[in-house]
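The file upload-v4.pdb comes next; it holds PDB, C-alpha atoms.
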ATOM      1  CA  MET P   1     136.093-228.076  14.307
ATOM      2  CA  SER P   2     138.055-229.119  17.341
ATOM      3  CA  THR P   3     135.292-227.891  19.646
ATOM      4  CA  SER P   4     132.648-230.132  18.070
ATOM      5  CA  THR P   5     132.548-232.333  21.215
ATOM      6  CA  ASN P   6     131.338-229.374  23.247
ATOM      7  CA  PRO P   7     127.580-228.862  23.599
ATOM      8  CA  VAL P   8     125.910-226.055  21.663
ATOM      9  CA  LEU P   9     125.100-223.263  24.095
ATOM     10  CA  PRO P  10     122.479-222.599  25.125
ATOM     11  CA  ALA P  11     120.742-225.911  24.382
ATOM     12  CA  HIS P  12     117.843-225.400  21.958
ATOM     13  CA  HIS P  13     115.114-225.718  24.612
ATOM     14  CA  PHE P  14     116.486-222.811  26.674
ATOM     15  CA  ASP P  15     116.081-219.109  25.976
ATOM     16  CA  ASP P  16     119.553-218.182  27.154
ATOM     17  CA  LEU P  17     122.576-219.361  29.165
ATOM     18  CA  GLN P  18     121.247-217.873  32.377
ATOM     19  CA  GLN P  19     118.064-219.945  32.146
ATOM     20  CA  GLN P  20     119.997-223.112  31.317
ATOM     21  CA  HIS P  21     122.326-222.568  34.252
ATOM     22  CA  GLU P  22     119.422-221.977  36.640
ATOM     23  CA  ALA P  23     117.575-225.049  35.407
ATOM     24  CA  ALA P  24     120.599-227.207  36.262
ATOM     25  CA  GLN P  25     120.819-225.687  39.731
ATOM     26  CA  LEU P  26     117.093-226.082  40.309
ATOM     27  CA  GLY P  27     117.181-229.737  39.292
ATOM     28  CA  MET P  28     120.047-230.414  41.704
ATOM     29  CA  TRP P  29     118.243-228.647  44.529
ATOM     30  CA  VAL P  30     115.108-230.734  43.987
ATOM     31  CA  PHE P  31     117.282-233.858  44.236
ATOM     32  CA  LEU P  32     119.013-232.515  47.350
ATOM     33  CA  ILE P  33     115.625-231.980  48.998
ATOM     34  CA  THR P  34     114.853-235.676  48.530
ATOM     35  CA  GLU P  35     118.227-236.236  50.208
ATOM     36  CA  ILE P  36     117.258-233.902  53.060
ATOM     37  CA  MET P  37     114.132-236.009  53.598
ATOM     38  CA  PHE P  38     116.191-239.222  53.431
ATOM     39  CA  PHE P  39     118.700-238.099  56.064
ATOM     40  CA  GLY P  40     115.820-236.358  57.883
ATOM     41  CA  GLY P  41     114.291-239.766  58.547
ATOM     42  CA  LEU P  42     117.548-240.945  60.124
ATOM     43  CA  PHE P  43     117.799-237.771  62.206
ATOM     44  CA  ALA P  44     114.175-238.235  63.324
ATOM     45  CA  ALA P  45     114.941-241.823  64.418
ATOM     46  CA  TYR P  46     117.980-240.558  66.310
ATOM     47  CA  THR P  47     115.935-237.814  68.025
ATOM     48  CA  VAL P  48     113.202-240.250  69.081
ATOM     49  CA  TYR P  49     115.612-242.780  70.593
ATOM     50  CA  ARG P  50     117.853-240.198  72.151
ATOM     51  CA  SER P  51     114.857-238.655  73.930
ATOM     52  CA  SER P  52     113.893-242.158  75.157
ATOM     53  CA  TYR P  53     117.389-243.385  76.135
ATOM     54  CA  HIS P  54     119.146-240.181  77.046
ATOM     55  CA  GLN P  55     121.572-241.735  79.536
ATOM     56  CA  ALA P  56     122.625-244.678  77.359
ATOM     57  CA  PHE P  57     123.190-242.423  74.327
ATOM     58  CA  GLY P  58     125.428-240.186  76.425
ATOM     59  CA  ALA P  59     127.436-243.155  77.749
ATOM     60  CA  ALA P  60     127.740-244.677  74.255
ATOM     61  CA  SER P  61     128.822-241.394  72.646
ATOM     62  CA  ARG P  62     131.784-241.205  75.041
ATOM     63  CA  HIS P  63     133.221-244.249  73.217
ATOM     64  CA  LEU P  64     133.803-242.101  70.124
ATOM     65  CA  ASP P  65     137.140-240.330  69.662
ATOM     66  CA  ILE P  66     136.428-236.602  69.797
ATOM     67  CA  THR P  67     139.874-235.719  68.402
ATOM     68  CA  LEU P  68     139.334-237.809  65.277
ATOM     69  CA  GLY P  69     135.811-236.405  64.908
ATOM     70  CA  THR P  70     137.042-232.819  65.136
ATOM     71  CA  PHE P  71     139.921-233.547  62.758
ATOM     72  CA  ASN P  72     137.494-235.016  60.218
ATOM     73  CA  THR P  73     135.173-232.011  60.557
ATOM     74  CA  VAL P  74     138.055-229.686  59.704
ATOM     75  CA  VAL P  75     139.114-231.918  56.781
ATOM     76  CA  LEU P  76     135.589-232.046  55.357
ATOM     77  CA  ILE P  77     134.977-228.304  55.648
ATOM     78  CA  GLY P  78     138.386-227.859  54.006
ATOM     79  CA  SER P  79     137.215-230.061  51.127
ATOM     80  CA  SER P  80     134.161-227.816  50.783
ATOM     81  CA  LEU P  81     136.485-224.832  50.472
ATOM     82  CA  THR P  82     138.531-226.502  47.706
ATOM     83  CA  MET P  83     135.260-227.487  45.986
ATOM     84  CA  ALA P  84     134.056-223.869  46.116
ATOM     85  CA  LEU P  85     137.441-222.782  44.707
ATOM     86  CA  ALA P  86     137.045-225.330  41.878
ATOM     87  CA  VAL P  87     133.678-223.762  40.960
ATOM     88  CA  HIS P  88     135.293-220.330  41.115
ATOM     89  CA  ALA P  89     138.057-221.503  38.771
ATOM     90  CA  ALA P  90     135.400-222.939  36.440
ATOM     91  CA  GLN P  91     133.596-219.588  36.346
ATOM     92  CA  ARG P  92     136.848-217.986  35.261
ATOM     93  CA  GLY P  93     137.456-220.723  32.686
ATOM     94  CA  ARG P  94     140.760-221.844  34.267
ATOM     95  CA  ARG P  95     141.050-225.493  33.355
ATOM     96  CA  ARG P  96     144.235-226.356  35.260
ATOM     97  CA  ALA P  97     142.934-224.694  38.423
ATOM     98  CA  ILE P  98     139.642-226.619  38.152
ATOM     99  CA  ILE P  99     141.518-229.925  37.952
ATOM    100  CA  GLY P 100     143.874-228.971  40.785
ATOM    101  CA  PHE P 101     141.093-228.006  43.177
ATOM    102  CA  LEU P 102     138.999-231.065  42.282
ATOM    103  CA  ILE P 103     142.013-233.321  43.012
ATOM    104  CA  ALA P 104     142.496-231.504  46.343
ATOM    105  CA  THR P 105     138.814-232.096  47.141
ATOM    106  CA  ILE P 106     139.172-235.811  46.393
ATOM    107  CA  LEU P 107     142.312-236.089  48.536
ATOM    108  CA  LEU P 108     140.629-234.407  51.510
ATOM    109  CA  GLY P 109     137.584-236.639  51.023
ATOM    110  CA  ALA P 110     139.885-239.678  50.990
ATOM    111  CA  VAL P 111     141.547-238.545  54.245
ATOM    112  CA  PHE P 112     138.093-238.262  55.830
ATOM    113  CA  LEU P 113     137.126-241.771  54.684
ATOM    114  CA  GLY P 114     140.482-243.159  55.855
ATOM    115  CA  VAL P 115     139.958-241.777  59.357
ATOM    116  CA  LYS P 116     136.388-243.113  59.296
ATOM    117  CA  ALA P 117     137.664-246.585  58.344
ATOM    118  CA  PHE P 118     140.172-246.401  61.223
ATOM    119  CA  GLU P 119     137.350-245.485  63.632
ATOM    120  CA  TYR P 120     135.149-248.323  62.344
ATOM    121  CA  THR P 121     138.002-250.818  62.828
ATOM    122  CA  HIS P 122     138.447-249.590  66.373
ATOM    123  CA  LYS P 123     134.701-250.124  67.041
ATOM    124  CA  PHE P 124     134.980-253.710  65.793
ATOM    125  CA  HIS P 125     137.884-254.358  68.187
ATOM    126  CA  GLU P 126     135.908-252.869  71.071
ATOM    127  CA  HIS P 127     132.868-255.066  70.269
ATOM    128  CA  LEU P 128     130.740-251.976  69.751
ATOM    129  CA  VAL P 129     129.254-253.115  66.428
ATOM    130  CA  PRO P 130     125.558-253.995  66.838
ATOM    131  CA  GLY P 131     124.764-257.673  66.521
ATOM    132  CA  HIS P 132     125.730-260.937  68.122
ATOM    133  CA  GLY P 133     129.137-259.853  69.474
ATOM    134  CA  PHE P 134     128.022-256.526  70.919
ATOM    135  CA  GLN P 135     129.426-255.845  74.398
ATOM    136  CA  PHE P 136     129.001-252.711  76.464
ATOM    137  CA  PRO P 137     130.854-252.022  79.763
ATOM    138  CA  ASP P 138     127.677-250.946  81.555
ATOM    139  CA  ALA P 139     125.439-254.001  81.085
ATOM    140  CA  ALA P 140     122.304-252.148  82.221
ATOM    141  CA  LEU P 141     122.663-249.733  79.293
ATOM    142  CA  ALA P 142     123.775-252.338  76.742
ATOM    143  CA  ARG P 143     120.519-252.589  74.763
ATOM    144  CA  PRO P 144     119.909-248.867  74.165
ATOM    145  CA  ALA P 145     123.679-248.386  73.654
ATOM    146  CA  GLU P 146     123.462-250.987  70.889
ATOM    147  CA  LEU P 147     120.669-248.880  69.400
ATOM    148  CA  TYR P 148     122.969-245.854  69.515
ATOM    149  CA  PHE P 149     125.705-247.715  67.638
ATOM    150  CA  GLY P 150     123.136-248.991  65.139
ATOM    151  CA  LEU P 151     122.230-245.377  64.386
ATOM    152  CA  TYR P 152     125.925-244.384  64.440
ATOM    153  CA  PHE P 153     126.831-246.925  61.764
ATOM    154  CA  ALA P 154     123.675-246.273  59.718
ATOM    155  CA  MET P 155     124.119-242.492  59.694
ATOM    156  CA  THR P 156     127.897-242.289  59.267
ATOM    157  CA  GLY P 157     127.753-245.239  56.840
ATOM    158  CA  MET P 158     125.180-243.533  54.595
ATOM    159  CA  HIS P 159     127.202-240.333  54.862
ATOM    160  CA  ALA P 160     130.388-242.174  53.843
ATOM    161  CA  LEU P 161     128.546-243.829  50.934
ATOM    162  CA  HIS P 162     127.492-240.372  49.719
ATOM    163  CA  MET P 163     131.131-239.268  49.896
ATOM    164  CA  ILE P 164     132.303-242.313  47.908
ATOM    165  CA  ILE P 165     129.701-241.508  45.231
ATOM    166  CA  GLY P 166     130.808-237.862  45.372
ATOM    167  CA  ILE P 167     134.433-238.847  44.758
ATOM    168  CA  GLY P 168     133.270-240.882  41.749
ATOM    169  CA  ILE P 169     131.450-237.832  40.363
ATOM    170  CA  LEU P 170     134.530-235.664  40.999
ATOM    171  CA  LEU P 171     136.680-238.128  39.015
ATOM    172  CA  VAL P 172     134.265-237.833  36.073
ATOM    173  CA  MET P 173     134.434-234.021  36.350
ATOM    174  CA  ILE P 174     138.245-234.111  36.276
ATOM    175  CA  ARG P 175     138.107-236.231  33.120
ATOM    176  CA  LEU P 176     135.632-233.843  31.471
ATOM    177  CA  ALA P 177     137.679-230.811  32.539
ATOM    178  CA  ALA P 178     140.852-232.393  31.140
ATOM    179  CA  ARG P 179     139.063-232.795  27.807
ATOM    180  CA  GLY P 180     138.221-229.108  27.823
ATOM    181  CA  ARG P 181     134.481-229.591  28.157
ATOM    182  CA  PHE P 182     134.015-226.600  30.458
ATOM    183  CA  SER P 183     134.288-222.876  29.883
ATOM    184  CA  ALA P 184     133.287-219.655  31.612
ATOM    185  CA  GLU P 185     129.982-219.987  29.739
ATOM    186  CA  HIS P 186     129.426-223.664  30.479
ATOM    187  CA  TYR P 187     130.360-224.942  33.921
ATOM    188  CA  SER P 188     127.009-226.105  35.309
ATOM    189  CA  PRO P 189     128.225-229.689  35.899
ATOM    190  CA  ILE P 190     130.997-228.412  38.198
ATOM    191  CA  GLU P 191     128.603-226.079  40.006
ATOM    192  CA  VAL P 192     126.036-228.854  40.494
ATOM    193  CA  THR P 193     128.711-231.299  41.703
ATOM    194  CA  GLY P 194     129.672-228.602  44.207
ATOM    195  CA  LEU P 195     126.083-228.401  45.480
ATOM    196  CA  TYR P 196     126.122-232.149  46.126
ATOM    197  CA  TRP P 197     129.509-232.064  47.858
ATOM    198  CA  HIS P 198     128.486-229.147  50.124
ATOM    199  CA  PHE P 199     125.265-230.957  50.999
ATOM    200  CA  VAL P 200     127.264-233.974  52.203
ATOM    201  CA  ASP P 201     129.374-231.545  54.249
ATOM    202  CA  ILE P 202     126.206-230.129  55.866
ATOM    203  CA  VAL P 203     125.023-233.616  56.856
ATOM    204  CA  TRP P 204     128.332-234.097  58.686
ATOM    205  CA  ILE P 205     128.000-230.655  60.352
ATOM    206  CA  PHE P 206     124.925-232.094  62.117
ATOM    207  CA  LEU P 207     126.233-235.645  62.630
ATOM    208  CA  PHE P 208     129.391-234.454  64.398
ATOM    209  CA  PRO P 209     127.730-232.736  67.421
ATOM    210  CA  LEU P 210     124.872-235.253  67.640
ATOM    211  CA  LEU P 211     127.106-238.337  67.642
ATOM    212  CA  TYR P 212     130.399-237.129  69.153
ATOM    213  CA  LEU P 213     129.653-234.181  71.405
ATOM    214  CA  ILE P 214     126.574-235.146  73.426
ATOM    215  CA  GLU P 215     127.087-235.443  77.177
ATOM    216  CA  ARG P 216     130.841-234.790  77.057
ATOM    217  CA  HIS P 217     130.745-232.614  80.164
ATOM    218  CA  GLN P 218     129.919-235.543  82.472
TER     219      GLN P 218
ATOM    220  CA  MET B   1     125.508-212.675  28.272
ATOM    221  CA  ASN B   2     128.776-214.532  28.721
ATOM    222  CA  GLN B   3     128.671-215.312  32.412
ATOM    223  CA  PRO B   4     125.611-217.244  33.558
ATOM    224  CA  GLY B   5     126.332-217.200  37.311
ATOM    225  CA  HIS B   6     127.401-214.777  40.001
ATOM    226  CA  ILE B   7     131.134-214.886  40.720
ATOM    227  CA  VAL B   8     131.729-214.732  44.474
ATOM    228  CA  PRO B   9     135.007-212.970  45.423
ATOM    229  CA  LEU B  10     137.648-215.390  46.753
ATOM    230  CA  ARG B  11     137.892-213.338  49.929
ATOM    231  CA  VAL B  12     134.299-214.355  50.786
ATOM    232  CA  TYR B  13     135.116-218.079  50.508
ATOM    233  CA  PHE B  14     138.122-217.781  52.822
ATOM    234  CA  THR B  15     136.151-215.679  55.319
ATOM    235  CA  ILE B  16     133.345-218.268  55.414
ATOM    236  CA  PHE B  17     135.895-221.073  55.834
ATOM    237  CA  GLY B  18     137.433-219.164  58.765
ATOM    238  CA  ALA B  19     134.011-218.663  60.344
ATOM    239  CA  LEU B  20     133.250-222.387  59.969
ATOM    240  CA  MET B  21     136.550-223.240  61.706
ATOM    241  CA  VAL B  22     135.739-220.862  64.567
ATOM    242  CA  PHE B  23     132.265-222.408  64.950
ATOM    243  CA  THR B  24     133.789-225.917  64.951
ATOM    244  CA  ALA B  25     136.184-224.949  67.755
ATOM    245  CA  LEU B  26     133.314-223.281  69.627
ATOM    246  CA  THR B  27     131.028-226.319  69.443
ATOM    247  CA  VAL B  28     133.781-228.636  70.782
ATOM    248  CA  TRP B  29     134.641-226.150  73.535
ATOM    249  CA  VAL B  30     131.051-225.668  74.654
ATOM    250  CA  ALA B  31     130.452-229.451  74.715
ATOM    251  CA  TYR B  32     132.816-229.766  77.699
ATOM    252  CA  HIS B  33     130.800-227.310  79.787
ATOM    253  CA  ASP B  34     127.722-228.457  81.675
ATOM    254  CA  LEU B  35     124.849-226.279  80.516
ATOM    255  CA  GLY B  36     122.149-228.803  81.377
ATOM    256  CA  ASN B  37     119.517-228.942  78.658
ATOM    257  CA  PHE B  38     121.184-226.058  76.873
ATOM    258  CA  ASN B  39     124.111-228.214  75.692
ATOM    259  CA  ILE B  40     121.975-229.611  72.883
ATOM    260  CA  VAL B  41     120.496-226.164  72.178
ATOM    261  CA  ALA B  42     124.001-224.660  71.871
ATOM    262  CA  ALA B  43     125.251-227.550  69.692
ATOM    263  CA  MET B  44     122.266-227.330  67.323
ATOM    264  CA  THR B  45     122.355-223.533  67.145
ATOM    265  CA  ILE B  46     126.018-223.654  66.089
ATOM    266  CA  ALA B  47     125.303-226.455  63.591
ATOM    267  CA  VAL B  48     122.421-224.486  62.042
ATOM    268  CA  ALA B  49     124.646-221.396  61.827
ATOM    269  CA  LYS B  50     127.378-223.424  60.065
ATOM    270  CA  ALA B  51     124.887-225.042  57.681
ATOM    271  CA  THR B  52     123.383-221.629  56.877
ATOM    272  CA  LEU B  53     126.818-220.232  55.965
ATOM    273  CA  VAL B  54     127.500-223.230  53.695
ATOM    274  CA  VAL B  55     124.098-222.947  51.980
ATOM    275  CA  LEU B  56     124.231-219.178  51.482
ATOM    276  CA  TYR B  57     127.850-218.799  50.362
ATOM    277  CA  PHE B  58     129.422-222.115  49.298
ATOM    278  CA  MET B  59     126.155-223.189  47.627
ATOM    279  CA  HIS B  60     125.520-219.664  46.285
ATOM    280  CA  VAL B  61     121.897-219.485  47.460
ATOM    281  CA  ARG B  62     122.467-215.896  48.611
ATOM    282  CA  TYR B  63     123.042-214.988  44.972
ATOM    283  CA  ALA B  64     120.467-217.351  43.461
ATOM    284  CA  SER B  65     117.065-216.599  41.951
ATOM    285  CA  ARG B  66     113.838-216.410  43.949
ATOM    286  CA  LEU B  67     112.803-219.775  42.531
ATOM    287  CA  ILE B  68     115.840-221.452  44.148
ATOM    288  CA  TRP B  69     115.091-219.648  47.425
ATOM    289  CA  VAL B  70     111.510-220.972  47.393
ATOM    290  CA  VAL B  71     112.612-224.542  46.656
ATOM    291  CA  VAL B  72     115.306-224.554  49.358
ATOM    292  CA  SER B  73     112.924-223.018  51.915
ATOM    293  CA  ALA B  74     110.212-225.537  51.030
ATOM    294  CA  GLY B  75     112.657-228.377  51.664
ATOM    295  CA  LEU B  76     113.480-227.000  55.124
ATOM    296  CA  VAL B  77     109.774-226.549  55.936
ATOM    297  CA  TRP B  78     109.110-230.203  55.108
ATOM    298  CA  LEU B  79     112.063-231.278  57.265
ATOM    299  CA  VAL B  80     110.665-229.251  60.173
ATOM    300  CA  ILE B  81     107.255-230.900  59.652
ATOM    301  CA  LEU B  82     108.897-234.345  59.677
ATOM    302  CA  LEU B  83     110.781-233.687  62.922
ATOM    303  CA  SER B  84     108.155-231.645  64.770
ATOM    304  CA  LEU B  85     105.182-233.933  64.106
ATOM    305  CA  THR B  86     107.261-237.013  64.970
ATOM    306  CA  MET B  87     108.404-235.491  68.240
ATOM    307  CA  SER B  88     105.012-234.039  69.135
ATOM    308  CA  ASP B  89     103.827-237.637  69.039
ATOM    309  CA  TYR B  90     106.723-239.299  70.893
ATOM    310  CA  LEU B  91     107.087-236.630  73.572
ATOM    311  CA  THR B  92     103.386-236.774  74.528
ATOM    312  CA  ARG B  93     102.560-240.415  73.876
ATOM    313  CA  PHE B  94     103.687-241.811  77.238
ATOM    314  CA  ALA B  95     102.674-238.846  79.371
ATOM    315  CA  ALA B  96      99.677-240.636  80.905
ATOM    316  CA  VAL B  97     101.707-243.653  82.010
TER     317      VAL B  97
END

Here is a file; write its structure as structure tokens.
Amino acid sequence: MSTSTNPVLPAHHFDDLQQQHEAAQLGMWVFLITEIMFFGGLFAAYTVYRSSYHQAFGAASRHLDITLGTFNTVVLIGSSLTMALAVHAAQRGRRRAIIGFLIATILLGAVFLGVKAFEYTHKFHEHLVPGHGFQFPDAALARPAELYFGLYFAMTGMHALHMIIGIGILLVMIRLAARGRFSAEHYSPIEVTGLYWHFVDIVWIFLFPLLYLIERHQ
Amino acid sequence: MNQPGHIVPLRVYFTIFGALMVFTALTVWVAYHDLGNFNIVAAMTIAVAKATLVVLYFMHVRYASRLIWVVVSAGLVWLVILLSLTMSDYLTRFAAV
């Protein structure tokens, strides 16, 4: 049989497809909660230091480019839309549409990372990378501003790493979809990949206002 | 049983995307207005609203089983514990100085 590479559905340890599908979702959610706690630690560190060095964090955040940040927010939410459309296509068993939307998701993710790389380069040129060469215009705020940029690179860096991993997973999904491994009955891998991708989007939804938008009115 | 999951109409996805775009514009717009301490409140309220839309619709939690609801809620409760206990310490620690 040509379909012999496809898994038998449902797998023998599940009662039915519904249960198998839910088990996959549940497993991904448990993993995402460990991710919430991981990023939660970074957000807690940010909150503590921002409450201590309110003025310096405001001054440092004005060195970020709000236009690029807004552009990237739109791009990333757009990639979540194409990801959701890929899951929708998978539920309908439309192989070509799955692959098309997954490629669109990867391209939007790549645009986001490209802009991020451009921003990082700019920070290096402005000596705003924490460490030996760090320079801040207002010398009195230099130390806590360095702390801000430490958190900026840690948080956006971990976020970007999650996106790079996500793009890797999407490439695997495209390969599996091209081999006809998914159907309207079996699309849990696409759905679960979507959960991960949307989670990374949510992290950015919080990073954007906290890093780019604080104290803009001054 | 052919279809293991709930199929969300495409219209819902585009509506949610539109709402997320509106919220993004709103959060940038409000950041340029001096609301004092309410700037951060406004920014976080909008971010929570956006995240809620993504979780409920893009991540299908609105259509998921009770078990998924409980697990997602438990995760948020633990995050609130992490942030609130940390801040209850840091915001009161230096009060006597």

Compile the residues of chain P that lie within 6 Å of chain B, evaluated using all atoms listed in the file, and express the compilation as a list in words.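 Those within range of chain B come out as Leu17, Gln18, Ile33, Ala44, Ala84, Glu185, Leu195, Ile202, Ile205, Phe206, Leu213, Arg216 and His217 of chain P.
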
With C-alpha atoms kept, could you save the residues just selected as an mmCIF file, in the frame of the given file?
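Output below, filename again.cif:
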data_model
loop_
_atom_site.group_PDB
_atom_site.id
_atom_site.type_symbol
_atom_site.label_atom_id
_atom_site.label_comp_id
_atom_site.auth_asym_id
_atom_site.auth_seq_id
_atom_site.Cartn_x
_atom_site.Cartn_y
_atom_site.Cartn_z
ATOM 1 C CA LEU P 17 122.576 -219.361 29.165
ATOM 2 C CA GLN P 18 121.247 -217.873 32.377
ATOM 3 C CA ILE P 33 115.625 -231.980 48.998
ATOM 4 C CA ALA P 44 114.175 -238.235 63.324
ATOM 5 C CA ALA P 84 134.056 -223.869 46.116
ATOM 6 C CA GLU P 185 129.982 -219.987 29.739
ATOM 7 C CA LEU P 195 126.083 -228.401 45.480
ATOM 8 C CA ILE P 202 126.206 -230.129 55.866
ATOM 9 C CA ILE P 205 128.000 -230.655 60.352
ATOM 10 C CA PHE P 206 124.925 -232.094 62.117
ATOM 11 C CA LEU P 213 129.653 -234.181 71.405
ATOM 12 C CA ARG P 216 130.841 -234.790 77.057
ATOM 13 C CA HIS P 217 130.745 -232.614 80.164
#

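Residue selection for this entry, given the PyMOL selection byres ((chain P and resi 184) around 10), comprises His88, Ala89, Ala90, Gln91, Arg92, Gly93, Arg94, Arg95, Phe182, Ser183, Glu185, His186, Tyr187 and Ser188 of chain P; Asn2, Gln3, Pro4 and Gly5 of chain B.
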
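Taking CA of Ser51 (chain P) and CA of Met155 (chain P) as the two end points, the separation is 17.4 Å.
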
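Each of P:Gln55, P:Ser79, P:Thr47, P:Gln19 was checked against Ala142 (chain P) using all atoms listed in the file; the smallest atom-to-atom distance is that of P:Gln55.
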
Listed atoms of region 28-37 of chain B, axis-aligned box, 6 Å per side: centre and edge lengths to one decimal in Å, as JSON?
{"center_x": 127.1, "center_y": -227.7, "center_z": 76.2, "size_x": 27.1, "size_y": 16.1, "size_z": 22.9}

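Between Arg62 (chain P) and the candidates P:Ile98, P:Met158, P:Ala145, P:Val172, the tightest atom-to-atom separation, counting only C-alpha atoms, involves P:Ala145.
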
What does the distance between CA of Val77 (chain B) and CA of Val48 (chain P) come to in Å, to one decimal place?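 Distance reported for this atom pair: 19.3 Å.
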
Region 123-136 of chain P environment, 8 Å, only C-alpha atoms, sequence neighbours closer than 4 positions dropped, as a list in words: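 My list of contacting residues is Glu119, Leu141, Ala142, Ala145, Glu146, Leu147, Phe149 and Gly150 of chain P.
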
What would the selection look like, as a list in words, if the PyMOL selection byres ((chain P and resi 67) around 12) were run on the coordinates I just shared?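 For this structure, the PyMOL selection byres ((chain P and resi 67) around 12) captures Arg62, His63, Leu64, Asp65, Ile66, Leu68, Gly69, Thr70, Phe71, Asn72, Thr73, Val74, Val115, Glu119, Phe208, Tyr212 and Leu213 of chain P; Ala25 and Val28 of chain B.
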
File dump, residues just selected, C-alpha atoms, as a tab-separated table (two decimals), in the coordinates of the input:
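Generated output (selection.tsv):
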chain	number	residue	atom	x	y	z
P	62	ARG	CA	131.78	-241.20	75.04
P	63	HIS	CA	133.22	-244.25	73.22
P	64	LEU	CA	133.80	-242.10	70.12
P	65	ASP	CA	137.14	-240.33	69.66
P	66	ILE	CA	136.43	-236.60	69.80
P	68	LEU	CA	139.33	-237.81	65.28
P	69	GLY	CA	135.81	-236.40	64.91
P	70	THR	CA	137.04	-232.82	65.14
P	71	PHE	CA	139.92	-233.55	62.76
P	72	ASN	CA	137.49	-235.02	60.22
P	73	THR	CA	135.17	-232.01	60.56
P	74	VAL	CA	138.06	-229.69	59.70
P	115	VAL	CA	139.96	-241.78	59.36
P	119	GLU	CA	137.35	-245.48	63.63
P	208	PHE	CA	129.39	-234.45	64.40
P	212	TYR	CA	130.40	-237.13	69.15
P	213	LEU	CA	129.65	-234.18	71.40
B	25	ALA	CA	136.18	-224.95	67.76
B	28	VAL	CA	133.78	-228.64	70.78

Name the residues that the PyMOL selection byres ((chain P and resi 102) around 7) picks from the file above, as number ranges by chain, using the file's chain letters and numbers. P: 83, 86, 98-101, 103-106, 170, 174
